[in-house]
Amino acid sequence: MSLSATSFPLPALSAIGWRWPPQALEPGWAALLAAHPAARPARIVEQHRSGYRVAEVIDQVDPAESLPEWQRAGSYRKGEINPEARPAVGDWVLVEGEAPKSLRIVALLPRFSAIKRGAAGEHYRQQVIAANIDTVFVVCGLDADFNPRRIERYLLLVAGSGVQPVVVLTKSDRADADVEAALQALRALGVPVLALNARDPAAAAALAPWLGAGCSVVLVGSSGAGKSTLSNTLLGIEKMKTGAVRESDARGRHTTTHRALLALPEGACLIDTPGMRELKPTGEEDVAESFADVEALAEQCRFRDCKHAQEPGCAVRAAVESGELDVHRVANFLKLSDEVAGAANRLATRLAQKADAKVPGKAKAQYRRPDERHGRH
Ligand SMILES: Nc1nc2c(ncn2[C@@H]2O[C@H](COP(=O)(O)OP(=O)(O)OP(=O)(O)O)[C@@H](O)[C@H]2O)c(=O)[nH]1
Ligand SMILES: [Zn+2]
C-alpha cells in the first residue's frame with residue numbers, strides 16, 4: 001500500500017485526535033485509503049446547512065465540498081440516504097485538493113463510536129451528533145443544577161454508543177456542595193464519578209486518565225453546569241468566556257469566536273458541539289444496560305410483566321423499601337423506559353413507511369398521471 005509519511009503527518013493529525021499509524025489501520029479505513037491514493041485524512045469540525053468545515057491540523061478549519069448525495073436535503077426526506085451515512089462532527093473523512101478553495105471530501109471513514117439522538121422537532125429521525133469520541137464528560141454542578149435523573153438520561157443516550165461516560169460534578173468548592181451525598185446518590189450508575197472544582201487547575205490532573213494523546217472528548221451538561229469553565233481550565237487559560245464576561249452581556253452569548261476542536265495540553269482534543277445540548281432518546285437505547293441494577297431486581301419479581309407498582313412479590317419495590325434502591329432512580333427508569341418505547345414505536349413506523357414507499361405501486365401514486373401532467377400547457 002502506498003501510504004506515505006506525507007499523507008500521514010502523524011504529529012499534526014494526533015492533535016486532532018488521529019492515533020493510528022498506517023500499519024495499524026482498521027481494514028475498512030485501509031481499503032478506503034487504498035481506493036483514494038491521492039487523498040489524506042481530515043476531521044469534520046463543523047456541519048452547516050451549506051456544507052462542512054474540516055481540519056487537517058489544529059486551529060485551521062477550511063470549508064470542504066462534500067459528496068453531492070450528502071447535500072441534497074430531499075434525498076433524506078425521500079429516504080434515499082440514511083442520515084447516519086452522512087458525516088457528522090468528529091467524523092474522519094478523506095479529502096483531496098487544496099485548502100481553502102478547492103478542498104473536497106471524497107469518502108467518509110467508518111466510525112468507531114457515534115452519539116445519536118432523536119432529532120429535535122421531528123419524531124422519528126436520528127442524528128449523529130458526535131462521532132469517533134472516546135469519552136464524554138457528563139458535567140453537573142453540585143448546586144441547584146445537581147440532578148441525578150438528568151445524569152441518568154445522559155448516560156442512557158451514551159450507552160451503546162461506544163463512548164465511555166464519566167460523570168464530572170463541578171462546584172465541589174461551594175459551601176453548599178454536599179459531595180458525599182451526591183456520590184451516594186450516584187453510586188448505582190456504574191460509571192466513574194468525580195467531584196471537582198472546575199476553576200482549579202487540579203481538575204486537569206483528576207481528568208488526566210481520559211485526556212491522553214489521540215483521545216477525543218466532549219462535554220455535555222445543562223447551561224451553567226461549568227462546561228466552559230472546565231474547558232478553560234483544561235486548556236490552561238484564564239477564564240475568558242465564562243461567568244464574569246457573560247454576566248455583563250445581557251444576551252448571554254460569548255463574543256469569543258467559537259472553536260469546535262481544541263487541543264488540550266495533555267494531548268487529547270476537546271470537541272465542542274452545540275448539538276450535544278438537546279437530548280432526546282432515539283428509540284435504540286438500551287434502558288436495561290443503563291439500569292442494570294433495576295433490571296436484575298426486576299427479573300426476580302413474581303410476574304414477568306411486573307410494573308413495580310402494586311403487584312405482589314415485586315422485588316424492585318422490596319429493594320426500594322429496604323433502602324437498597326433509590327425510589328427516584330426507579331421512577332426515572334420507568335419514565336425513560338416509556339420514552340424509549342415511544343421513540344422505538346415511531347422509529348418502527350417510520351421504517352415501515354419507508355419500506356412502503358419502495359413498493360412500486362405505491363411509489364407511482366406520487367406522480368401525476370400523464371394526462372394530468374400535460375393537460376395544462
Ligand atoms: N465555585 C465554582 N464555580 C464554578 C465551577 N464551575 C463553574 N462555575 C461557575 O458557574 C458559572 C457557569 O459556568 P459555565 O462554565 O459558564 O457553565 P456552562 O456549562 O459552560 O454553561 P453554558 O455555556 O450556558 O452551557 C460560572 O459563573 C462559573 O464561574 C466550580 O467548579 N466552582
Ligand atoms: Zn416488580
# chains A, B, ... in the order shown; residues from 1 in each chain; ligands from 1

call {"tool": "select_by_dssp", "arguments": {"residues": "stretch 50-200 of chain A", "states": "strand (DSSP E or B)", "output": "PyMOL selection string"}}
result
chain A and resi 51-57+60-65+92-96+104-108+114-118+126-131+135-141+164-170+193-195

call {"tool": "write_last_selection", "arguments": {"atoms": "N, CA and C atoms", "output": "short mmCIF file (atom, residue, chain, number, x, y, z; two decimals), in the first residue's frame"}}
result
data_model
loop_
_atom_site.label_atom_id
_atom_site.label_comp_id
_atom_site.auth_asym_id
_atom_site.auth_seq_id
_atom_site.Cartn_x
_atom_site.Cartn_y
_atom_site.Cartn_z
N GLY A 51 -22.75 23.14 4.16
CA GLY A 51 -21.66 22.20 3.95
C GLY A 51 -20.83 21.97 5.19
N TYR A 52 -19.65 21.43 4.94
CA TYR A 52 -18.79 21.04 6.06
C TYR A 52 -17.57 21.91 6.15
N ARG A 53 -17.01 21.98 7.36
CA ARG A 53 -15.70 22.55 7.56
C ARG A 53 -14.84 21.49 8.22
N VAL A 54 -13.63 21.34 7.71
CA VAL A 54 -12.76 20.25 8.18
C VAL A 54 -11.42 20.80 8.64
N ALA A 55 -10.74 20.00 9.45
CA ALA A 55 -9.40 20.35 9.91
C ALA A 55 -8.45 19.24 9.51
N GLU A 56 -7.25 19.64 9.08
CA GLU A 56 -6.19 18.66 8.85
C GLU A 56 -5.11 18.84 9.91
N VAL A 57 -5.10 20.04 10.48
CA VAL A 57 -4.21 20.35 11.60
C VAL A 57 -5.04 21.14 12.60
N GLN A 60 -6.89 25.13 12.32
CA GLN A 60 -7.09 25.60 10.95
C GLN A 60 -8.25 24.83 10.36
N VAL A 61 -9.30 25.57 10.11
CA VAL A 61 -10.54 24.94 9.65
C VAL A 61 -10.87 25.50 8.28
N ASP A 62 -11.14 24.61 7.33
CA ASP A 62 -11.43 25.06 5.98
C ASP A 62 -12.72 24.43 5.46
N PRO A 63 -13.41 25.21 4.62
CA PRO A 63 -14.60 24.62 4.01
C PRO A 63 -14.20 23.50 3.05
N ALA A 64 -15.01 22.47 3.01
CA ALA A 64 -14.73 21.38 2.08
C ALA A 64 -16.02 21.00 1.37
N GLU A 65 -15.89 20.83 0.08
CA GLU A 65 -17.05 20.42 -0.70
C GLU A 65 -17.34 18.96 -0.39
N TRP A 92 -14.05 11.17 10.66
CA TRP A 92 -12.86 11.21 9.82
C TRP A 92 -13.29 11.01 8.38
N VAL A 93 -12.76 11.87 7.52
CA VAL A 93 -13.07 11.76 6.10
C VAL A 93 -11.76 11.77 5.32
N LEU A 94 -11.84 11.46 4.05
CA LEU A 94 -10.67 11.62 3.18
C LEU A 94 -10.91 12.82 2.30
N VAL A 95 -9.90 13.67 2.16
CA VAL A 95 -10.04 14.87 1.34
C VAL A 95 -8.98 14.88 0.24
N GLU A 96 -9.34 15.58 -0.82
CA GLU A 96 -8.39 15.84 -1.90
C GLU A 96 -8.45 17.33 -2.22
N ARG A 104 -12.01 19.05 -1.17
CA ARG A 104 -13.26 18.29 -1.27
C ARG A 104 -13.16 16.95 -0.57
N ILE A 105 -14.28 16.57 0.01
CA ILE A 105 -14.36 15.30 0.73
C ILE A 105 -14.65 14.21 -0.30
N VAL A 106 -13.85 13.14 -0.26
CA VAL A 106 -14.10 12.07 -1.22
C VAL A 106 -14.62 10.79 -0.56
N ALA A 107 -14.49 10.68 0.75
CA ALA A 107 -15.02 9.48 1.42
C ALA A 107 -15.19 9.73 2.91
N LEU A 108 -16.14 9.01 3.46
CA LEU A 108 -16.37 9.02 4.91
C LEU A 108 -15.79 7.73 5.47
N ALA A 114 -20.41 6.56 17.93
CA ALA A 114 -21.32 7.62 17.47
C ALA A 114 -22.37 7.89 18.53
N ILE A 115 -22.46 9.15 18.93
CA ILE A 115 -23.52 9.54 19.86
C ILE A 115 -24.68 10.05 19.01
N LYS A 116 -25.85 9.45 19.23
CA LYS A 116 -27.01 9.81 18.41
C LYS A 116 -28.10 10.37 19.29
N ARG A 117 -29.00 11.05 18.66
CA ARG A 117 -30.19 11.49 19.39
C ARG A 117 -31.36 11.51 18.42
N GLY A 118 -32.56 11.50 18.97
CA GLY A 118 -33.73 11.73 18.15
C GLY A 118 -33.69 13.19 17.76
N GLN A 126 -33.12 10.19 13.28
CA GLN A 126 -31.98 10.11 14.18
C GLN A 126 -30.85 10.92 13.60
N GLN A 127 -30.08 11.46 14.48
CA GLN A 127 -28.97 12.29 14.07
C GLN A 127 -27.74 11.83 14.80
N VAL A 128 -26.64 11.80 14.09
CA VAL A 128 -25.37 11.57 14.77
C VAL A 128 -24.90 12.93 15.22
N ILE A 129 -24.71 13.13 16.52
CA ILE A 129 -24.28 14.45 16.97
C ILE A 129 -22.79 14.53 17.19
N ALA A 130 -22.15 13.42 17.42
CA ALA A 130 -20.69 13.43 17.52
C ALA A 130 -20.17 12.03 17.24
N ALA A 131 -19.15 11.96 16.41
CA ALA A 131 -18.61 10.66 16.01
C ALA A 131 -17.17 10.52 16.46
N THR A 135 -14.44 9.66 25.06
CA THR A 135 -15.01 9.89 26.39
C THR A 135 -15.95 11.08 26.37
N VAL A 136 -17.10 10.91 27.01
CA VAL A 136 -17.98 12.05 27.21
C VAL A 136 -18.01 12.37 28.70
N PHE A 137 -17.69 13.61 29.02
CA PHE A 137 -17.79 14.07 30.40
C PHE A 137 -19.19 14.63 30.60
N VAL A 138 -19.95 13.97 31.46
CA VAL A 138 -21.29 14.45 31.78
C VAL A 138 -21.14 15.41 32.95
N VAL A 139 -21.27 16.69 32.68
CA VAL A 139 -20.96 17.73 33.66
C VAL A 139 -22.23 18.17 34.38
N CYS A 140 -22.14 18.21 35.71
CA CYS A 140 -23.29 18.60 36.51
C CYS A 140 -22.78 19.32 37.75
N GLY A 141 -23.35 20.46 38.06
CA GLY A 141 -22.88 21.23 39.21
C GLY A 141 -23.42 20.69 40.53
N GLN A 164 -17.10 6.14 26.32
CA GLN A 164 -17.03 5.97 27.77
C GLN A 164 -17.60 7.21 28.47
N PRO A 165 -18.64 7.07 29.27
CA PRO A 165 -19.11 8.23 30.02
C PRO A 165 -18.38 8.37 31.36
N VAL A 166 -18.12 9.61 31.73
CA VAL A 166 -17.53 9.92 33.04
C VAL A 166 -18.33 11.08 33.61
N VAL A 167 -18.87 10.90 34.80
CA VAL A 167 -19.66 11.96 35.42
C VAL A 167 -18.72 12.91 36.15
N VAL A 168 -18.80 14.20 35.82
CA VAL A 168 -17.96 15.20 36.46
C VAL A 168 -18.85 16.17 37.23
N LEU A 169 -18.75 16.11 38.53
CA LEU A 169 -19.53 17.01 39.37
C LEU A 169 -18.68 18.23 39.68
N THR A 170 -19.11 19.38 39.20
CA THR A 170 -18.34 20.61 39.40
C THR A 170 -18.82 21.32 40.66
N VAL A 193 -17.32 8.51 38.62
CA VAL A 193 -17.91 9.78 39.06
C VAL A 193 -16.82 10.55 39.82
N LEU A 194 -16.59 11.81 39.41
CA LEU A 194 -15.58 12.63 40.09
C LEU A 194 -16.22 13.93 40.53
N ALA A 195 -15.81 14.42 41.69
CA ALA A 195 -16.26 15.74 42.14
C ALA A 195 -15.05 16.65 42.14
#

call {"tool": "residues_near_ligand", "arguments": {"ligand": "ligand 1", "cutoff": "6 Å", "atoms": "only C-alpha atoms and all ligand atoms", "output": "list of chain:residue names"}}
result
A:Thr170, A:Lys171, A:Ser172, A:Asp173, A:Arg174, A:Asn197, A:Ala198, A:Arg199, A:Ser222, A:Ser223, A:Gly224, A:Ala225, A:Gly226, A:Lys227, A:Ser228, A:Thr229, A:Thr242, A:Gly243

call {"tool": "closest_atom_pairs", "arguments": {"of": "chain A", "to": "ligand 2", "cutoff": "12 Å", "atoms": "only C-alpha atoms and all ligand atoms", "output": "Markdown table"}}
result
| residue | atom | partner | partner_atom_place_in_ligand_line | distance |
| --- | --- | --- | --- | --- |
| A:Val294 | CA | ligand 2 | 1 (Zn) | 9.5 |
| A:Glu295 | CA | ligand 2 | 1 (Zn) | 9.7 |
| A:Ala296 | CA | ligand 2 | 1 (Zn) | 10.7 |
| A:Leu297 | CA | ligand 2 | 1 (Zn) | 7.8 |
| A:Ala298 | CA | ligand 2 | 1 (Zn) | 5.4 |
| A:Glu299 | CA | ligand 2 | 1 (Zn) | 8.1 |
| A:Gln300 | CA | ligand 2 | 1 (Zn) | 7.7 |
| A:Cys301 | CA | ligand 2 | 1 (Zn) | 4.7 |
| A:Arg302 | CA | ligand 2 | 1 (Zn) | 7.2 |
| A:Phe303 | CA | ligand 2 | 1 (Zn) | 7.1 |
| A:Arg304 | CA | ligand 2 | 1 (Zn) | 8.3 |
| A:Asp305 | CA | ligand 2 | 1 (Zn) | 8.0 |
| A:Cys306 | CA | ligand 2 | 1 (Zn) | 4.5 |
| A:Lys307 | CA | ligand 2 | 1 (Zn) | 5.6 |
| A:His308 | CA | ligand 2 | 1 (Zn) | 3.5 |
| A:Ala309 | CA | ligand 2 | 1 (Zn) | 6.9 |
| A:Gln310 | CA | ligand 2 | 1 (Zn) | 8.4 |
| A:Glu311 | CA | ligand 2 | 1 (Zn) | 6.7 |
| A:Pro312 | CA | ligand 2 | 1 (Zn) | 8.0 |
| A:Gly313 | CA | ligand 2 | 1 (Zn) | 7.0 |
| A:Cys314 | CA | ligand 2 | 1 (Zn) | 3.6 |
| A:Ala315 | CA | ligand 2 | 1 (Zn) | 5.3 |
| A:Val316 | CA | ligand 2 | 1 (Zn) | 5.0 |
| A:Arg317 | CA | ligand 2 | 1 (Zn) | 6.4 |
| A:Ala318 | CA | ligand 2 | 1 (Zn) | 8.5 |
| A:Ala319 | CA | ligand 2 | 1 (Zn) | 9.8 |
| A:Val320 | CA | ligand 2 | 1 (Zn) | 10.7 |
| A:Val330 | CA | ligand 2 | 1 (Zn) | 10.5 |
| A:Leu334 | CA | ligand 2 | 1 (Zn) | 11.2 |

call {"tool": "closest_residue", "arguments": {"among": "A:Asp200, A:Asp356, A:Asp134, A:Glu324", "to": "A:Ser231", "atoms": "only C-alpha atoms"}}
result
A:Asp200

call {"tool": "atom_distance", "arguments": {"atom1": "atom CA of A:Arg153", "atom2": "atom CA of A:Asp338"}}
result
12.7 Å
